[in-house]
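Raw contents of model-v9.txt, compact mmCIF, C-alpha atoms and all ligand atoms:
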```txt
# COMPACT_ATOMS: atom_id res chain seq x y z
CA MET A 19 0.00 0.00 0.00
CA LYS A 20 1.26 3.43 -0.92
CA LYS A 21 1.80 5.95 1.86
CA ILE A 22 0.14 9.22 0.90
CA ILE A 23 0.86 11.03 4.17
CA GLU A 24 3.95 10.45 6.32
CA VAL A 25 4.19 12.27 9.63
CA SER A 26 7.30 11.85 11.73
CA GLY A 27 8.15 13.33 15.12
CA LEU A 28 5.58 16.10 14.77
CA VAL A 29 5.64 18.63 17.60
CA LYS A 30 3.46 21.73 18.08
CA LYS A 31 3.96 24.16 20.92
CA TYR A 32 1.62 27.03 21.72
CA GLY A 33 3.98 29.13 23.81
CA ALA A 34 5.24 26.83 26.57
CA PHE A 35 2.35 24.38 26.10
CA GLU A 36 3.08 21.34 23.97
CA ALA A 37 -0.19 20.41 22.25
CA VAL A 38 1.34 17.76 19.93
CA LYS A 39 4.16 15.74 21.44
CA GLY A 40 6.11 13.95 18.71
CA LEU A 41 3.47 12.26 16.58
CA SER A 42 4.44 9.71 13.96
CA PHE A 43 1.98 7.97 11.66
CA ASP A 44 1.33 7.17 8.01
CA VAL A 45 -1.87 7.33 6.01
CA TYR A 46 -2.32 4.94 3.08
CA GLU A 47 -3.71 5.97 -0.26
CA GLY A 48 -7.42 5.22 -0.60
CA GLU A 49 -8.25 4.67 3.07
CA ILE A 50 -10.48 6.48 5.54
CA PHE A 51 -8.13 7.31 8.38
CA GLY A 52 -9.61 8.48 11.68
CA LEU A 53 -7.99 10.67 14.29
CA LEU A 54 -9.92 9.97 17.47
CA GLY A 55 -9.66 11.50 20.88
CA PRO A 56 -11.29 13.72 23.45
CA ASN A 57 -11.48 17.49 23.14
CA GLY A 58 -8.05 19.05 23.42
CA ALA A 59 -6.17 15.90 22.34
CA GLY A 60 -4.56 17.77 19.43
CA LYS A 61 -6.59 16.44 16.50
CA SER A 62 -7.37 19.77 14.83
CA THR A 63 -3.85 21.05 15.39
CA THR A 64 -2.41 17.95 13.69
CA LEU A 65 -4.87 18.18 10.81
CA GLU A 66 -4.29 21.88 10.22
CA ILE A 67 -0.51 21.45 10.17
CA ILE A 68 -0.81 18.77 7.47
CA GLU A 69 -3.25 21.05 5.62
CA THR A 70 -0.55 23.78 5.62
CA LEU A 71 -2.87 26.06 7.60
CA ARG A 72 -0.83 26.07 10.82
CA ASP A 73 2.93 26.18 11.45
CA LYS A 74 4.54 23.24 13.20
CA THR A 75 7.27 23.52 15.82
CA SER A 76 9.29 20.54 14.56
CA GLY A 77 9.06 17.20 12.82
CA THR A 78 8.53 16.26 9.19
CA VAL A 79 5.38 15.96 7.11
CA LEU A 80 5.24 14.50 3.61
CA VAL A 81 2.02 14.66 1.61
CA ASN A 82 1.97 12.70 -1.65
CA GLY A 83 5.76 12.68 -1.37
CA ILE A 84 5.94 16.48 -1.08
CA ASP A 85 7.86 17.86 1.92
CA LEU A 86 5.77 20.45 3.79
CA ASP A 87 8.91 22.45 4.57
CA ARG A 88 9.92 22.66 0.93
CA ASP A 89 6.72 23.17 -1.04
CA PRO A 90 3.50 23.82 0.90
CA ASN A 91 1.86 25.25 -2.22
CA ALA A 92 2.31 21.95 -4.04
CA ILE A 93 0.59 20.23 -1.11
CA LYS A 94 -2.34 22.64 -1.32
CA LYS A 95 -2.93 21.52 -4.90
CA VAL A 96 -3.48 17.86 -3.97
CA ILE A 97 -5.65 18.31 -0.89
CA GLY A 98 -9.22 19.39 -0.24
CA VAL A 99 -9.91 21.42 2.86
CA GLN A 100 -13.26 22.39 4.39
CA LEU A 101 -13.50 26.15 4.16
CA GLN A 102 -14.69 28.23 7.06
CA THR A 103 -18.43 28.77 6.76
CA SER A 104 -17.77 32.51 7.05
CA GLY A 105 -16.41 32.26 3.49
CA TYR A 106 -19.86 31.41 2.15
CA TYR A 107 -20.96 34.83 0.93
CA PRO A 108 -24.55 35.18 2.15
CA ASN A 109 -26.10 36.46 -1.06
CA LEU A 110 -24.75 33.82 -3.42
CA ASN A 111 -26.56 30.55 -4.06
CA LEU A 112 -24.83 27.15 -3.96
CA THR A 113 -24.13 27.09 -7.70
CA GLN A 114 -22.62 30.56 -7.58
CA LEU A 115 -20.52 29.67 -4.53
CA ILE A 116 -19.09 26.59 -6.26
CA GLU A 117 -18.29 28.62 -9.35
CA LEU A 118 -16.62 31.24 -7.17
CA PHE A 119 -14.48 28.63 -5.38
CA GLY A 120 -13.70 26.99 -8.72
CA GLY A 121 -12.37 30.35 -9.85
CA LEU A 122 -10.18 30.58 -6.75
CA TYR A 123 -8.70 27.17 -7.59
CA ASN A 124 -8.51 28.14 -11.25
CA ARG A 125 -10.71 25.15 -12.12
CA LYS A 126 -13.71 24.77 -14.33
CA VAL A 127 -16.27 22.88 -12.24
CA ASN A 128 -19.62 21.43 -13.15
CA ALA A 129 -21.60 22.77 -10.19
CA GLY A 130 -24.67 20.65 -10.98
CA GLU A 131 -22.69 17.39 -11.00
CA LEU A 132 -20.83 18.29 -7.84
CA LEU A 133 -24.08 19.15 -6.02
CA GLU A 134 -25.59 15.90 -7.31
CA SER A 135 -22.67 13.95 -5.83
CA VAL A 136 -23.54 15.25 -2.35
CA ASN A 137 -27.30 14.91 -2.90
CA LEU A 138 -27.95 18.67 -3.10
CA ARG A 139 -28.92 19.21 -6.72
CA ASP A 140 -32.40 20.42 -5.73
CA LYS A 141 -30.75 23.11 -3.58
CA ALA A 142 -28.67 24.54 -6.43
CA LYS A 143 -30.46 27.90 -6.22
CA ALA A 144 -30.65 28.02 -2.41
CA LYS A 145 -28.36 30.12 -0.25
CA PHE A 146 -26.07 28.49 2.30
CA LYS A 147 -27.93 29.99 5.26
CA GLU A 148 -31.17 28.40 4.02
CA LEU A 149 -29.76 24.87 4.38
CA SER A 150 -30.31 22.45 7.27
CA GLY A 151 -27.35 21.34 9.40
CA GLY A 152 -26.87 18.12 7.43
CA GLN A 153 -27.14 19.94 4.10
CA LYS A 154 -24.59 22.52 5.24
CA GLN A 155 -22.13 19.76 6.07
CA ARG A 156 -22.71 18.07 2.71
CA PHE A 157 -22.16 21.36 0.91
CA SER A 158 -19.02 21.94 2.90
CA ILE A 159 -17.78 18.48 1.84
CA ALA A 160 -18.63 19.32 -1.78
CA THR A 161 -16.36 22.36 -1.56
CA THR A 162 -13.44 20.08 -0.57
CA LEU A 163 -13.88 18.20 -3.86
CA ILE A 164 -13.75 21.21 -6.21
CA ASN A 165 -10.05 20.86 -7.03
CA GLU A 166 -10.36 17.06 -7.47
CA PRO A 167 -7.99 16.41 -4.59
CA LYS A 168 -6.19 13.17 -3.75
CA ILE A 169 -6.91 13.65 -0.04
CA ILE A 170 -9.70 15.42 1.85
CA PHE A 171 -9.69 16.49 5.48
CA LEU A 172 -12.88 16.49 7.55
CA ASP A 173 -12.72 17.89 11.08
CA GLU A 174 -15.69 16.58 13.12
CA PRO A 175 -18.09 16.70 10.18
CA THR A 176 -21.00 15.08 12.04
CA THR A 177 -20.95 16.99 15.32
CA GLY A 178 -24.44 18.28 16.05
CA LEU A 179 -26.23 16.22 13.39
CA ASP A 180 -29.18 13.93 14.11
CA PRO A 181 -28.79 10.16 13.53
CA GLN A 182 -30.26 10.14 10.01
CA ALA A 183 -28.17 13.07 8.81
CA ARG A 184 -25.12 11.45 10.42
CA ARG A 185 -25.64 8.11 8.67
CA ASN A 186 -26.29 9.92 5.40
CA LEU A 187 -22.97 11.71 5.80
CA TRP A 188 -21.22 8.39 6.50
CA ASP A 189 -22.55 7.07 3.19
CA LEU A 190 -21.25 10.17 1.46
CA VAL A 191 -17.78 9.85 2.99
CA ARG A 192 -17.61 6.18 1.98
CA SER A 193 -18.67 6.98 -1.56
CA ILE A 194 -15.90 9.57 -1.77
CA ARG A 195 -13.39 6.98 -0.55
CA ASP A 196 -14.78 4.41 -3.00
CA ARG A 197 -14.10 6.82 -5.85
CA GLY A 198 -10.43 6.74 -4.84
CA THR A 199 -10.01 9.78 -2.61
CA THR A 200 -8.16 9.34 0.68
CA VAL A 201 -10.12 10.71 3.64
CA ILE A 202 -8.79 11.88 6.99
CA ILE A 203 -11.53 12.49 9.51
CA THR A 204 -11.58 13.49 13.17
CA THR A 205 -14.34 12.44 15.50
CA HIS A 206 -15.01 11.67 19.11
CA TYR A 207 -17.90 9.37 18.25
CA MET A 208 -16.60 5.82 18.53
CA ASP A 209 -19.55 4.26 16.69
CA GLU A 210 -18.78 6.55 13.78
CA ALA A 211 -15.11 5.61 13.77
CA GLU A 212 -15.92 1.91 14.02
CA PHE A 213 -18.34 2.05 11.10
CA LEU A 214 -16.42 4.41 8.87
CA CYS A 215 -12.68 4.17 9.37
CA ASP A 216 -10.31 1.65 7.79
CA ARG A 217 -7.73 2.55 10.45
CA VAL A 218 -7.77 4.84 13.43
CA ALA A 219 -5.21 6.58 15.58
CA ILE A 220 -6.40 7.25 19.12
CA MET A 221 -4.91 10.45 20.49
CA GLU A 222 -4.63 11.51 24.09
CA SER A 223 -2.90 14.70 25.24
CA GLY A 224 -0.89 15.17 22.05
CA ARG A 225 0.22 11.53 21.73
CA ILE A 226 -0.99 8.51 19.77
CA VAL A 227 -1.88 5.77 22.24
CA ALA A 228 -3.12 3.20 19.70
CA LEU A 229 -3.14 2.83 15.91
CA ALA A 230 -4.74 -0.01 13.94
CA SER A 231 -8.02 -0.99 12.29
CA PRO A 232 -11.05 -0.77 14.62
CA ASP A 233 -11.43 -4.59 14.42
CA GLN A 234 -7.81 -5.14 15.38
CA LEU A 235 -8.01 -2.74 18.32
CA ILE A 236 -11.15 -4.47 19.62
CA ASP A 237 -9.63 -7.95 19.16
CA ASP A 238 -6.47 -6.86 20.98
CA LEU A 239 -8.51 -5.53 23.90
CA VAL A 240 -10.54 -8.75 24.14
CA ALA A 241 -7.35 -10.84 23.89
CA SER A 242 -5.94 -8.88 26.83
CA GLY A 243 -8.73 -10.31 28.98
CA PHE A 244 -11.15 -7.40 28.78
CA GLU A 245 -14.81 -8.26 29.24
CA ARG A 246 -17.81 -5.99 29.13
CA PRO A 247 -19.47 -5.79 32.53
CA LYS A 248 -22.81 -6.95 31.19
CA GLU A 249 -24.24 -8.89 28.27
CA VAL A 250 -24.57 -6.63 25.29
CA LYS A 251 -27.98 -6.31 23.66
CA LYS A 252 -28.30 -6.94 19.94
CA ALA A 253 -29.44 -3.36 19.32
CA ASN A 254 -29.05 -0.02 21.01
CA LEU A 255 -31.29 2.99 21.56
CA GLU A 256 -30.09 4.62 18.37
CA ASP A 257 -31.21 1.53 16.42
CA VAL A 258 -34.65 1.93 18.03
CA PHE A 259 -34.71 5.61 17.11
CA ILE A 260 -33.81 4.87 13.49
CA ALA A 261 -36.31 2.00 13.30
CA MET A 262 -39.12 4.20 14.62
CA THR A 263 -38.36 7.34 12.60
CA GLY A 264 -37.04 5.85 9.39
CA HIS A 265 -33.74 5.56 7.56
CA SER A 266 -34.69 8.14 5.01
CA LEU A 267 -32.82 11.37 5.04
CA ARG A 268 -34.55 13.91 7.23
CA GLU A 269 -32.87 17.28 7.19
CA SER A 270 -31.82 18.83 10.46
P1 LIG A 301 -8.76 18.82 19.43
O1 LIG A 301 -9.04 19.20 18.02
O2 LIG A 301 -8.33 17.40 19.60
O3 LIG A 301 -9.91 19.12 20.33
P2 LIG A 301 -6.86 21.00 19.39
O4 LIG A 301 -5.82 20.63 18.39
O5 LIG A 301 -7.88 21.99 18.97
O6 LIG A 301 -7.53 19.67 19.97
O7 LIG A 301 -6.16 21.57 20.69
C1 LIG A 301 -5.11 20.88 21.35
C2 LIG A 301 -4.64 21.69 22.55
O8 LIG A 301 -3.99 22.88 22.09
C3 LIG A 301 -5.77 22.15 23.46
O9 LIG A 301 -5.29 22.12 24.79
C4 LIG A 301 -6.03 23.57 23.01
O10 LIG A 301 -6.53 24.34 24.08
C5 LIG A 301 -4.64 24.03 22.59
N1 LIG A 301 -4.71 25.04 21.51
C6 LIG A 301 -5.30 24.88 20.30
N2 LIG A 301 -5.13 25.98 19.54
C7 LIG A 301 -4.44 26.86 20.29
C8 LIG A 301 -3.96 28.19 20.06
N3 LIG A 301 -4.16 28.82 18.89
N4 LIG A 301 -3.28 28.78 21.07
C9 LIG A 301 -3.05 28.14 22.24
N5 LIG A 301 -3.47 26.90 22.51
C10 LIG A 301 -4.16 26.25 21.56
MG MG A 302 -10.76 19.92 17.10
```
Please lay out the structure from this file as structure tokens.
Ligand code: ADP
Ligand code: MG
Amino acid sequence: MKKIIEVSGLVKKYGAFEAVKGLSFDVYEGEIFGLLGPNGAGKSTTLEIIETLRDKTSGTVLVNGIDLDRDPNAIKKVIGVQLQTSGYYPNLNLTQLIELFGGLYNRKVNAGELLESVNLRDKAKAKFKELSGGQKQRFSIATTLINEPKIIFLDEPTTGLDPQARRNLWDLVRSIRDRGTTVIITTHYMDEAEFLCDRVAIMESGRIVALASPDQLIDDLVASGFERPKEVKKANLEDVFIAMTGHSLRES
């Protein structure tokens, strides 16, 4: 498997505080790689350094073989980053916004096709502020795809979404991966990571404490003698919720 991101000894200090403490990990081409961890673990800092949006203190980062220290602009060309929602000019509709961003990337984009790919074609003439939470996230993901990147970065894309919108977004992320794009995603929802990610790195206080596929991590824990305190039911409350209110996409 080809390594598309190689991070080695990455350190980030904010003043005297060391938020990232010597991280090393690789991401393989074509996988969904999850950075998991509680708030403050250093997930966004790590992501934004790789995205060239934040300076690192030390360590090396290679993206698609390009050294961050030597050519950050070349890295920008192969990655897709979620733009801040403040960049979504309030009076432009979704089609106009995509055309605007296409212009910034110097790319000709088919706005209709792109909106279709995130299930938003019927909102082509709507303004960003008129969208539901789930639609906003899908539009935001569409904007990461404008420059046809090799890798996209999603920082907590499902926070605040209801179960249907969340599962709909999971399907979207998988379909993007299945079309060959590498995805790096942060989350603190373990069910999401288990369902979505090919491999995960669990971060705690600026360090990686585990890195493997979700299956492998669970098997390792069980092999170490871990047992759940009580018999697990075959469904959980979220399954009940989905069964009662439907799988169909309900905007929130
Ligand atoms: P996560 O995304 O995992 O929640 P962050 O990368 O946002 O974590 O933050 C990691 C740590 O660095 C936290 O303790 C946070 O308070 C601190 N931090 C983040 N950004 C800054 C900043 N610009 N200045 C100072 N401290 C920061
Ligand atoms: Mg964060």
Exercise. Which one of A:Pro232, A:Pro56, A:Pro181, A:Gly48 sits closest to Val258 (chain A) if you count all atoms listed in the file?
Worked result: A:Pro181
Problem set entry | Close residues to ligand LIG 301 (chain A) using all atoms listed in the file, limit 9 Å, as a PyMOL selection string | chain A and resi 30-33+35-38+53-66+173-174+204-206+221-224
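Picture a line from CA of Asp44 (chain A) to CA of Ile202 (chain A); it runs 11.2 Å.
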Exercise. Taking all atoms listed in the file into account, which of A:Ser150, A:Phe171, A:Tyr123, A:Ser193 comes nearest Thr70 (chain A)?
Worked result: A:Phe171
Exercise. When you draw a straight line from CA of Val136 (chain A) to CA of Arg184 (chain A), how long is it in Å?
Worked result: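 These atoms are spaced 13.4 Å apart.
Counting from CA of Ile68 (chain A), the distance to CA of Ser158 (chain A) is 19.0 Å.
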Exercise. Hey, what's within 12 Å of Leu115 (chain A) if we count all atoms listed in the file and toss same-chain stuff fewer than 2 positions away? As a VMD selection string, please?
Worked result: chain A and resid 101 103 105 to 113 117 to 122 127 to 130 132 to 133 142 to 146 157 to 158 160 to 161 164
Problem set entry | Nearest to ligand MG 302 (chain A) by atom-to-atom distance, counting only C-alpha atoms and all ligand atoms, from A:Gln153, A:Ser242, A:Thr177, A:Ser231 |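 Distance minimum relative to ligand MG 302 (chain A) lands on A:Thr177.
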Problem set entry | Residue nearest Leu172 (chain A) - candidates A:Val99, A:Met208, A:Ala253, A:Leu239, atoms counted: all atoms listed in the file |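 Comparing A:Val99, A:Met208, A:Ala253, A:Leu239 against Leu172 (chain A), the winner is A:Val99.
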Can you take the partial region 92-103 of chain A, add all heavy atoms, and return it as a PDB file, in the frame of the given file?
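Contents of selection07.pdb, as written:
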```
ATOM      1  N   ALA A  92       2.553  23.174  -3.273  1.00  0.00           N
ATOM      2  CA  ALA A  92       2.310  21.950  -4.040  1.00  0.00           C
ATOM      3  C   ALA A  92       1.391  21.021  -3.256  1.00  0.00           C
ATOM      4  O   ALA A  92       0.567  20.307  -3.841  1.00  0.00           O
ATOM      5  CB  ALA A  92       3.637  21.257  -4.359  1.00  0.00           C
ATOM      6  N   ILE A  93       1.503  21.037  -1.934  1.00  0.00           N
ATOM      7  CA  ILE A  93       0.590  20.230  -1.110  1.00  0.00           C
ATOM      8  C   ILE A  93      -0.833  20.742  -1.249  1.00  0.00           C
ATOM      9  O   ILE A  93      -1.774  19.967  -1.422  1.00  0.00           O
ATOM     10  CB  ILE A  93       1.049  20.232   0.370  1.00  0.00           C
ATOM     11  CG1 ILE A  93       2.358  19.449   0.511  1.00  0.00           C
ATOM     12  CG2 ILE A  93      -0.047  19.638   1.276  1.00  0.00           C
ATOM     13  CD1 ILE A  93       2.904  19.363   1.921  1.00  0.00           C
ATOM     14  N   LYS A  94      -0.989  22.061  -1.204  1.00  0.00           N
ATOM     15  CA  LYS A  94      -2.340  22.640  -1.320  1.00  0.00           C
ATOM     16  C   LYS A  94      -3.053  22.160  -2.572  1.00  0.00           C
ATOM     17  O   LYS A  94      -4.276  22.008  -2.572  1.00  0.00           O
ATOM     18  CB  LYS A  94      -2.249  24.179  -1.365  1.00  0.00           C
ATOM     19  CG  LYS A  94      -1.955  24.809  -0.018  1.00  0.00           C
ATOM     20  CD  LYS A  94      -2.234  26.309  -0.047  1.00  0.00           C
ATOM     21  CE  LYS A  94      -1.920  26.966   1.280  1.00  0.00           C
ATOM     22  NZ  LYS A  94      -0.604  27.621   1.320  1.00  0.00           N
ATOM     23  N   LYS A  95      -2.303  21.912  -3.636  1.00  0.00           N
ATOM     24  CA  LYS A  95      -2.930  21.520  -4.900  1.00  0.00           C
ATOM     25  C   LYS A  95      -3.487  20.104  -4.876  1.00  0.00           C
ATOM     26  O   LYS A  95      -4.345  19.769  -5.688  1.00  0.00           O
ATOM     27  CB  LYS A  95      -1.922  21.647  -6.051  1.00  0.00           C
ATOM     28  CG  LYS A  95      -1.626  23.100  -6.362  1.00  0.00           C
ATOM     29  CD  LYS A  95      -0.848  23.278  -7.654  1.00  0.00           C
ATOM     30  CE  LYS A  95      -0.529  24.743  -7.860  1.00  0.00           C
ATOM     31  NZ  LYS A  95       0.911  24.988  -8.094  1.00  0.00           N
ATOM     32  N   VAL A  96      -3.000  19.251  -3.968  1.00  0.00           N
ATOM     33  CA  VAL A  96      -3.480  17.860  -3.970  1.00  0.00           C
ATOM     34  C   VAL A  96      -4.437  17.555  -2.814  1.00  0.00           C
ATOM     35  O   VAL A  96      -4.872  16.419  -2.658  1.00  0.00           O
ATOM     36  CB  VAL A  96      -2.316  16.833  -3.965  1.00  0.00           C
ATOM     37  CG1 VAL A  96      -1.469  16.984  -5.222  1.00  0.00           C
ATOM     38  CG2 VAL A  96      -1.475  16.947  -2.712  1.00  0.00           C
ATOM     39  N   ILE A  97      -4.746  18.568  -2.021  1.00  0.00           N
ATOM     40  CA  ILE A  97      -5.650  18.310  -0.890  1.00  0.00           C
ATOM     41  C   ILE A  97      -6.928  19.154  -0.987  1.00  0.00           C
ATOM     42  O   ILE A  97      -6.957  20.197  -1.635  1.00  0.00           O
ATOM     43  CB  ILE A  97      -4.964  18.598   0.473  1.00  0.00           C
ATOM     44  CG1 ILE A  97      -4.623  20.090   0.619  1.00  0.00           C
ATOM     45  CG2 ILE A  97      -3.726  17.727   0.651  1.00  0.00           C
ATOM     46  CD1 ILE A  97      -4.144  20.477   2.005  1.00  0.00           C
ATOM     47  N   GLY A  98      -7.959  18.659  -0.329  1.00  0.00           N
ATOM     48  CA  GLY A  98      -9.220  19.390  -0.240  1.00  0.00           C
ATOM     49  C   GLY A  98      -9.497  19.694   1.221  1.00  0.00           C
ATOM     50  O   GLY A  98      -9.469  18.798   2.062  1.00  0.00           O
ATOM     51  N   VAL A  99      -9.748  20.961   1.490  1.00  0.00           N
ATOM     52  CA  VAL A  99      -9.910  21.420   2.860  1.00  0.00           C
ATOM     53  C   VAL A  99     -11.296  22.029   3.008  1.00  0.00           C
ATOM     54  O   VAL A  99     -11.764  22.726   2.104  1.00  0.00           O
ATOM     55  CB  VAL A  99      -8.820  22.462   3.187  1.00  0.00           C
ATOM     56  CG1 VAL A  99      -9.066  23.110   4.528  1.00  0.00           C
ATOM     57  CG2 VAL A  99      -7.450  21.811   3.153  1.00  0.00           C
ATOM     58  N   GLN A 100     -11.967  21.752   4.134  1.00  0.00           N
ATOM     59  CA  GLN A 100     -13.260  22.390   4.390  1.00  0.00           C
ATOM     60  C   GLN A 100     -13.023  23.866   4.682  1.00  0.00           C
ATOM     61  O   GLN A 100     -12.252  24.198   5.573  1.00  0.00           O
ATOM     62  CB  GLN A 100     -13.950  21.746   5.581  1.00  0.00           C
ATOM     63  CG  GLN A 100     -14.628  20.444   5.244  1.00  0.00           C
ATOM     64  CD  GLN A 100     -15.343  19.875   6.447  1.00  0.00           C
ATOM     65  OE1 GLN A 100     -14.729  19.560   7.434  1.00  0.00           O
ATOM     66  NE2 GLN A 100     -16.647  19.761   6.357  1.00  0.00           N
ATOM     67  N   LEU A 101     -13.690  24.717   3.943  1.00  0.00           N
ATOM     68  CA  LEU A 101     -13.500  26.150   4.160  1.00  0.00           C
ATOM     69  C   LEU A 101     -14.339  26.602   5.344  1.00  0.00           C
ATOM     70  O   LEU A 101     -15.338  25.977   5.696  1.00  0.00           O
ATOM     71  CB  LEU A 101     -13.912  26.906   2.899  1.00  0.00           C
ATOM     72  CG  LEU A 101     -13.092  26.490   1.676  1.00  0.00           C
ATOM     73  CD1 LEU A 101     -13.750  26.966   0.392  1.00  0.00           C
ATOM     74  CD2 LEU A 101     -11.686  27.025   1.783  1.00  0.00           C
ATOM     75  N   GLN A 102     -13.910  27.667   5.967  1.00  0.00           N
ATOM     76  CA  GLN A 102     -14.690  28.230   7.060  1.00  0.00           C
ATOM     77  C   GLN A 102     -16.035  28.694   6.517  1.00  0.00           C
ATOM     78  O   GLN A 102     -16.096  29.291   5.449  1.00  0.00           O
ATOM     79  CB  GLN A 102     -13.958  29.437   7.670  1.00  0.00           C
ATOM     80  CG  GLN A 102     -12.620  29.103   8.270  1.00  0.00           C
ATOM     81  CD  GLN A 102     -12.739  28.160   9.444  1.00  0.00           C
ATOM     82  OE1 GLN A 102     -13.563  28.361  10.306  1.00  0.00           O
ATOM     83  NE2 GLN A 102     -11.930  27.108   9.452  1.00  0.00           N
ATOM     84  N   THR A 103     -17.102  28.429   7.276  1.00  0.00           N
ATOM     85  CA  THR A 103     -18.430  28.770   6.760  1.00  0.00           C
ATOM     86  C   THR A 103     -18.576  30.285   6.561  1.00  0.00           C
ATOM     87  O   THR A 103     -19.403  30.734   5.784  1.00  0.00           O
ATOM     88  CB  THR A 103     -19.546  28.294   7.706  1.00  0.00           C
ATOM     89  OG1 THR A 103     -19.247  28.756   9.005  1.00  0.00           O
ATOM     90  CG2 THR A 103     -19.653  26.793   7.699  1.00  0.00           C
TER      91      THR A 103
END
```
